[in-house]
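Peer 1: Got a structure for you, written out below as structure tokens; questions coming shortly.
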Amino acid sequence: MWKILLKSLREFKRPSILAPAYVSMEVVIECIIPFITAYLVNQIRAGCGIGVILRYGLLLLVMAAFSLAFGRMAGIACATAASGFSRNLRKDMFYSIQSFSFGNIDRFSSSSLVTRLTTDVNNVQMAYMMIIRTAIRSPLMLIFAIVMAFIMGGRLAFIFVAVVPFLALGLYLIIRKAFPIFKRVFRRYDALNGSIQENIQGIRVVKSFVREDYEKQKFEKAAEEVRQEFTRAEKILAFNAPMMQFCLYVNMVFILTFGSYVIITTQGLNFNVGQLSSLMVYSFQILMSLMMLSMVFVMITIADESTRRIAEVLQEKSTLTNPANPVTEVKDGSIDFVDVGFRYSDKAELMVLQNINLHINSGETIGILGGTGASKTSLVQLIPRLYDVTEGSVQVGGLDVRAYDIEALRNQVAVVLQNNLLFSGTIKENLRWGNPQASDEELQEACRLAQADDFISRFPLGYDTYIEQGGTNVSGGQKQRLCIARALLKKPKILILDDSTSAVDTQTDARIRQAFREFIPETTKLIIAQRIASVQDADRIVLMDKGRIVAVGTHEELLATSEIYREVYDSQNKAGGKQ
């Protein structure tokens, strides 16, 4: 998994190499300092003059300065490499997500993708920082300190060899117990983020139904599950520090006791005070190296699951791909559904669409009616190839949509959803999502067609009015009209309105449809609606039920031939009469 992630290192390879190099120099100097200190102690004990002391003191000062300099350079290189690596990881993941089909998004869920882009990348960044610095420093310090301990302490240094297997066993048991918990905790994180995301997106519904207490309880449950899992993992990891401290103090007691005994019994001939002092320093360095090494293993254990989750996103391939030689030009807006069957997942048992056969001429206006769950939206999502059919084929301009370049196809198909999204920025910036090169005159023309120019002109700043994130500072009807204008700026061959005039009044709805007939007659228009009045004047109306087309015809034809259509028409007219 790390091999996959390290491809994102790119321009930060150099600081990633320099950090371990600087750390190595820092370690060498730190291991030499106790050796020189021991020699100075023995010189002082032998009665050397002040000149010798100053000379050795200056040497130790210079070495400490070099150690500090190398340590600082290692820290800068490490921080640069780790933060750059995490930036590239987020960039690569975000770019990968942009290429995902709806099917890929459904597989991961948006809350899980957010967790992977934030928490998981932070974990990998911390682990990488420790790998290129601490994971280099600790083994080098351990090796050099043990070698110097044997040089200075002889057989007394065997205590370090004896304690290492004990520490390694303890660390192995800790990681073995903690790793499965960290795998679970990230799934809890996904659930927590999902709860937060759902609540924020639906906050108006929550407040209108006075369900704040219920949402609080749901959040507290998800947060408590994360807390419990992390607490369980931390309880296991908490054994690490005391185990290391215990070994450190046992070593110090052993060295002080037996070192002092040897000095006294041999009168400093076989082992002297300078060697004892250096051995104490090396003892501390060895145990601190082991402690830091254990922290590296713990961090890598935490990041291991994050690494796998990030690699999943980077390795994920879109379920929709271009053919070998894609067609880049859409001839016209004709649409053909040929024996179409569709389900959202290979694991799904039921088909969402079945036996769909429908021919739509270029420039036709087609109304699509049906109750909730009739799969109207599923049908139109196959046209711009947001999903691929499971059976049969969908053709645009006489060619299977799978033969087109995806971008070229979608540039000729504009979709306006019922809950379409506006982004933070001015009205102009939002409209230019449809055409980045559109002039001010073109923006105004599109807004006139969408019946949006009137309310925009009433804003003090007009088209430079700032839209808050999600369009929260405009009404539902205004948002829908801005989204229609944005789609018109694409000048598409096919325009799909998925219940996108539900928030406007019937008169405005009629004016929008009139504008479509007069100004974009060559564009094929598919209008999904709940109100028959919204599609009554369409060239044809498609009536759907439970994923099937049950009737096709004009308004008058369906009134005469379709009982379902007639019942809907009568019920809506009666409701309108009562109003």
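Ligands are numbered from 1 in the order shown, chains are lettered A, B, ... in the order of the structure tokens, and residues start at 1 in each chain.
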Using DSSP on the backbone, list every residue of range 260-494 of chain A that comes out as alpha helix (DSSP H), and give them as JSON, numbers by chain.
Peer 2: {"A": [260, 261, 262, 263, 264, 265, 266, 273, 274, 275, 276, 277, 278, 279, 280, 281, 282, 283, 284, 285, 286, 287, 288, 289, 290, 291, 292, 293, 294, 295, 296, 297, 298, 299, 300, 301, 302, 303, 304, 305, 306, 307, 308, 309, 310, 311, 312, 313, 314, 315, 376, 377, 378, 379, 380, 381, 406, 407, 408, 409, 410, 411, 427, 428, 429, 430, 431, 440, 441, 442, 443, 444, 445, 446, 447, 448, 449, 453, 454, 455, 456, 457, 476, 477, 478, 479, 480, 481, 482, 483, 484, 485, 486, 487, 488]}
Peer 1: Measuring between only C-alpha atoms, which one of A:Ile356, A:Ser457, A:Phe209, A:Leu482 shows the shortest distance to Ala551 in chain A?
Peer 2: A:Ile356
Peer 1: Would you please extract all strand (DSSP E) residues from range 234-403 of chain A, as assigned by DSSP on the backbone, and give them as an MDAnalysis selection string?
Peer 2: chainID A and resid 335:342 353:360 365:370 391:396 399:400
Peer 1: Which neighbours of range 374-376 of chain A fall inside 8 Å, counting only C-alpha atoms, when residues of the same chain fewer than 4 positions from it are skipped, and could you give them as a PDB file with C-alpha atoms, in the first residue's frame?
Peer 2:
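Wrote it out as out-v2.pdb, contents follow:
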ATOM      1  CA  VAL A 352     -34.797  -0.482 -11.641  1.00  0.00           C
ATOM      2  CA  LEU A 353     -35.727  -0.229 -15.327  1.00  0.00           C
ATOM      3  CA  ILE A 368     -42.161  12.179 -18.307  1.00  0.00           C
ATOM      4  CA  LEU A 369     -44.732  11.432 -15.614  1.00  0.00           C
ATOM      5  CA  GLY A 370     -44.928   8.794 -12.919  1.00  0.00           C
ATOM      6  CA  VAL A 380     -32.724  10.173 -17.844  1.00  0.00           C
ATOM      7  CA  ILE A 528     -39.850  15.232 -15.639  1.00  0.00           C
ATOM      8  CA  MET A 544     -43.950   5.368 -16.187  1.00  0.00           C
ATOM      9  CA  ASP A 545     -44.797   2.950 -13.396  1.00  0.00           C
ATOM     10  CA  LYS A 546     -42.451   0.652 -11.436  1.00  0.00           C
ATOM     11  CA  GLY A 547     -39.583   1.004 -13.896  1.00  0.00           C
ATOM     12  CA  ARG A 548     -41.640   0.392 -17.034  1.00  0.00           C
TER      13      ARG A 548
END
Peer 1: Closest to Ala452 in chain A among A:Gly333, A:Pro15, A:Gly477, A:Gly371, using only C-alpha atoms?
Peer 2: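 Of A:Gly333, A:Pro15, A:Gly477, A:Gly371, the one nearest Ala452 in chain A, counting only C-alpha atoms, is A:Gly477.
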Peer 1: Please list as a PyMOL selection string every residue within 12 Å of Asp453 in chain A, counting only C-alpha atoms and excluding residues in the same chain fewer than 3 positions away.
Peer 2: chain A and resi 427-428+441-450+456-459+462-463+478+481-482+484-485
Peer 1: Using only C-alpha atoms, please write the residues we just selected to a file, as a PDB file, in the first residue's frame.
Peer 2:
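See part-v6.pdb below for the written result:
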ATOM      1  CA  ILE A 427     -24.349  34.876  -9.856  1.00  0.00           C
ATOM      2  CA  LYS A 428     -22.089  35.428 -12.862  1.00  0.00           C
ATOM      3  CA  GLU A 441     -25.161  39.553 -22.864  1.00  0.00           C
ATOM      4  CA  GLU A 442     -25.308  35.760 -23.156  1.00  0.00           C
ATOM      5  CA  LEU A 443     -25.762  35.452 -19.390  1.00  0.00           C
ATOM      6  CA  GLN A 444     -28.668  37.885 -19.470  1.00  0.00           C
ATOM      7  CA  GLU A 445     -30.264  36.132 -22.464  1.00  0.00           C
ATOM      8  CA  ALA A 446     -30.112  32.735 -20.709  1.00  0.00           C
ATOM      9  CA  CYS A 447     -31.608  34.262 -17.563  1.00  0.00           C
ATOM     10  CA  ARG A 448     -34.435  35.851 -19.565  1.00  0.00           C
ATOM     11  CA  LEU A 449     -35.268  32.442 -21.032  1.00  0.00           C
ATOM     12  CA  ALA A 450     -35.210  30.923 -17.542  1.00  0.00           C
ATOM     13  CA  ILE A 456     -31.680  39.285 -10.498  1.00  0.00           C
ATOM     14  CA  SER A 457     -32.156  42.887 -11.633  1.00  0.00           C
ATOM     15  CA  ARG A 458     -33.892  43.647  -8.322  1.00  0.00           C
ATOM     16  CA  PHE A 459     -30.760  42.714  -6.359  1.00  0.00           C
ATOM     17  CA  GLY A 462     -27.467  42.494  -9.944  1.00  0.00           C
ATOM     18  CA  TYR A 463     -25.424  39.732 -11.551  1.00  0.00           C
ATOM     19  CA  GLN A 478     -34.884  31.432  -7.746  1.00  0.00           C
ATOM     20  CA  ARG A 481     -34.292  29.274 -12.425  1.00  0.00           C
ATOM     21  CA  LEU A 482     -30.583  30.077 -12.026  1.00  0.00           C
ATOM     22  CA  ILE A 484     -31.931  26.325 -15.712  1.00  0.00           C
ATOM     23  CA  ALA A 485     -30.105  29.411 -17.029  1.00  0.00           C
TER      24      ALA A 485
END
Peer 1: Would you list the contacts of Thr390 in chain A as a count of residues only, taking every protein, DNA or RNA residue within 7 Å and counting only C-alpha atoms, but skipping same-chain residues closer than 3 positions in sequence?
Peer 2: 3
Peer 1: Find the residues near range 23-40 of chain A: any atom within 8 Å, counting only C-alpha atoms, skip ones fewer than 3 places away on the same chain, and give them as an MDAnalysis selection string.
Peer 2: chainID A and resid 19:20 43:44 53 56 60 63:64 66:68 70:71 74 133 136:137 140:141 144:145 148 152 273:275 277:278 281:282
Peer 1: For the selection you just gave me, I'd like the residues written to a file as a CSV table (one decimal), in the first residue's frame, keeping C-alpha atoms.
Peer 2:
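Below you can see out35.csv, which holds the result:
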chain,number,residue,atom,x,y,z
A,19,ALA,CA,15.9,14.3,6.3
A,20,PRO,CA,17.4,10.8,7.0
A,43,GLN,CA,41.5,13.6,32.4
A,44,ILE,CA,40.0,15.7,35.2
A,53,ILE,CA,39.4,21.2,30.2
A,56,TYR,CA,37.6,19.6,25.4
A,60,LEU,CA,32.0,19.5,23.0
A,63,MET,CA,29.9,19.2,18.4
A,64,ALA,CA,26.7,20.1,20.2
A,66,PHE,CA,26.7,20.8,14.8
A,67,SER,CA,24.2,18.3,16.3
A,68,LEU,CA,21.7,21.1,16.8
A,70,PHE,CA,21.8,18.9,11.7
A,71,GLY,CA,18.7,18.3,14.0
A,74,ALA,CA,16.4,17.4,9.6
A,133,ARG,CA,13.1,11.0,10.8
A,136,ILE,CA,15.8,6.5,10.9
A,137,ARG,CA,17.1,8.1,14.1
A,140,LEU,CA,20.8,4.3,14.1
A,141,MET,CA,21.0,5.6,17.6
A,144,PHE,CA,25.7,3.2,17.5
A,145,ALA,CA,24.8,3.4,21.2
A,148,MET,CA,29.8,2.4,22.0
A,152,MET,CA,33.1,1.6,27.0
A,273,VAL,CA,34.1,6.7,36.6
A,274,GLY,CA,34.3,8.1,33.0
A,275,GLN,CA,33.2,4.8,31.5
A,277,SER,CA,29.1,8.1,33.1
A,278,SER,CA,29.3,7.4,29.4
A,281,VAL,CA,24.3,8.1,28.8
A,282,TYR,CA,24.4,5.3,26.3
Peer 1: Using only C-alpha atoms, which residue out of A:Asp92, A:Glu567, A:Glu407, A:Glu364 lies closest to Ile541 in chain A?
Peer 2: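 Result for the nearest residue to Ile541 in chain A: A:Glu364.
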Peer 1: Expressed in Å to a single decimal, how great is the separation between CA of Leu142 in chain A and CA of Lys235 in chain A?
Peer 2: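 Spanning CA of Leu142 in chain A to CA of Lys235 in chain A is a straight-line distance of 27.2 Å.
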Peer 1: Enter the distance from CA of Phe186 in chain A to CA of Glu229 in chain A, in Å, rounded to one decimal.
Peer 2: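 If I compute the distance from CA of Phe186 in chain A to CA of Glu229 in chain A, I get 9.5 Å.
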Peer 1: Fewer than 4 positions away in the same chain doesn't count, so skip those; otherwise give me all residues within 7 Å of Val327 in chain A, counting only C-alpha atoms, as a ChimeraX atom specification.
Peer 2: /A:403-405
